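Chemist: One structure coming up, written as C-alpha cells, with questions to follow.
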Amino acid sequence: MVLLESQLPAERPGGKEVEHAASTRIQDGFASKFTSLTKVLYDFNKIVENGRIHGSSLQKLVIESFADEQTLQQLELQNEAILQSFQNAVSETKTKIPVFSQRVKNSSMKRMVQRQRLMARST
C-alpha cells in the first residue's frame with residue numbers, strides 16, 4: 001500500500017510556536033524553583049554561619065523583583081568574602097607547615113633514638 005502525501009497529517013498552524021511556548025514555561029518553572037532553592041540555601045547558611053566564616057553582610061538573599069543578574073551579584077558578594085577567608089586560612093597554614101614538619105621530624109628522631117637505646121639495653 002502506498003501512502004500518498006495527501007494522507008500524511010498536515011502540520012497544525014502555529015504548532016512550533018505552541019511547542020516553544022510550552023518549553024519556555026517548563027524552563028521558567030525550573031528556573032524559578034532553582035532560584036527559590038538557592039535563596040533557601042543562602043538564608044540557611046546565614047543562620048548557621050554563627051561566628052564561623054562570614055560571607056557578605058547581606059543577611060538574606062533578595063530575589064523578589066530582582067533580575068537573575070542581580071541575584072548572581074548578591075551570590076558573588078557572599079562567595080568573594082568566603083573565598084578571601086579560605087585564601088587567608090591557606091596562607092596561615094602554609095606558614096605553619098614548616099614549623100609543624102620540623103616538630104614531627106624532631107619527634108620521629110626522638111622516638112627512633114629511644115628505640116635504639118631500648119634495643120641496646122636489651123642486648
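In the C-alpha cells, chains take letters A, B, ... by order of appearance, with residues numbered from 1 within each chain and ligands from 1 in the order shown.
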Please identify the helix (DSSP H, G or I) residues within range 8-120 of chain A (assignment by DSSP from backbone atoms) and present them as a VMD selection string.
Modeler: chain A and resid 15 to 49 68 to 120
Chemist: Just the residues within 9 Å of range 30-38 of chain A, please, counting only C-alpha atoms, with nothing from its chain fewer than 4 positions along; format it as a VMD selection string.
Modeler: chain A and resid 25 to 26 42 to 43 61 63 68 71
Chemist: For the selection just defined, write its residues with N, CA and C atoms to a file, as an mmCIF file, in the first residue's frame.
Modeler:
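Generated output (result00.cif):
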data_model
loop_
_atom_site.group_PDB
_atom_site.id
_atom_site.type_symbol
_atom_site.label_atom_id
_atom_site.label_comp_id
_atom_site.auth_asym_id
_atom_site.auth_seq_id
_atom_site.Cartn_x
_atom_site.Cartn_y
_atom_site.Cartn_z
ATOM 1 N N ARG A 25 7.778 27.737 29.202
ATOM 2 C CA ARG A 25 7.095 27.682 30.506
ATOM 3 C C ARG A 25 7.779 26.660 31.420
ATOM 4 N N ILE A 26 8.167 25.526 30.857
ATOM 5 C CA ILE A 26 8.843 24.497 31.647
ATOM 6 C C ILE A 26 10.174 25.021 32.150
ATOM 7 N N TYR A 42 20.986 29.860 50.766
ATOM 8 C CA TYR A 42 21.711 31.067 51.181
ATOM 9 C C TYR A 42 21.251 31.488 52.576
ATOM 10 N N ASP A 43 19.933 31.598 52.748
ATOM 11 C CA ASP A 43 19.387 32.044 54.032
ATOM 12 C C ASP A 43 19.737 31.063 55.150
ATOM 13 N N LEU A 61 19.067 36.560 50.973
ATOM 14 C CA LEU A 61 19.162 36.733 49.528
ATOM 15 C C LEU A 61 17.826 37.308 49.039
ATOM 16 N N ILE A 63 15.289 37.987 46.146
ATOM 17 C CA ILE A 63 15.018 37.500 44.790
ATOM 18 C C ILE A 63 13.765 38.115 44.187
ATOM 19 N N ASP A 68 17.866 38.035 37.260
ATOM 20 C CA ASP A 68 18.833 36.984 37.546
ATOM 21 C C ASP A 68 20.220 37.549 37.811
ATOM 22 N N THR A 71 20.577 38.818 41.327
ATOM 23 C CA THR A 71 20.689 37.711 42.272
ATOM 24 C C THR A 71 22.106 37.146 42.243
#
Chemist: Closest to Ser85 in chain A among A:Ser108, A:Gln73, A:Ser56, A:Asn45, using only C-alpha atoms?
Modeler: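 That would be A:Ser56, the residue with the smallest distance to Ser85 in chain A.
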Chemist: Which polymer residues have any atom within 10 Å of an atom of Ile47 in chain A, counting only C-alpha atoms, with same-chain residues fewer than 5 positions away left out, as a list in words?
Modeler: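 Selected residues are Leu41, Tyr42, Gln59 and Lys60 of chain A.
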Chemist: So, counting only C-alpha atoms, which residue among A:Ser122, A:Ser91, A:Ser65, A:Ser57 is closest to Leu77 in chain A?
Modeler: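 Of all the options, A:Ser57 lies closest to Leu77 in chain A.
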Chemist: Please, what distance in Å, to one decimal, runs between CA of Asn79 in chain A and CA of Asn50 in chain A?
Modeler: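 According to the coordinates, CA of Asn79 in chain A and CA of Asn50 in chain A are separated by 16.6 Å.
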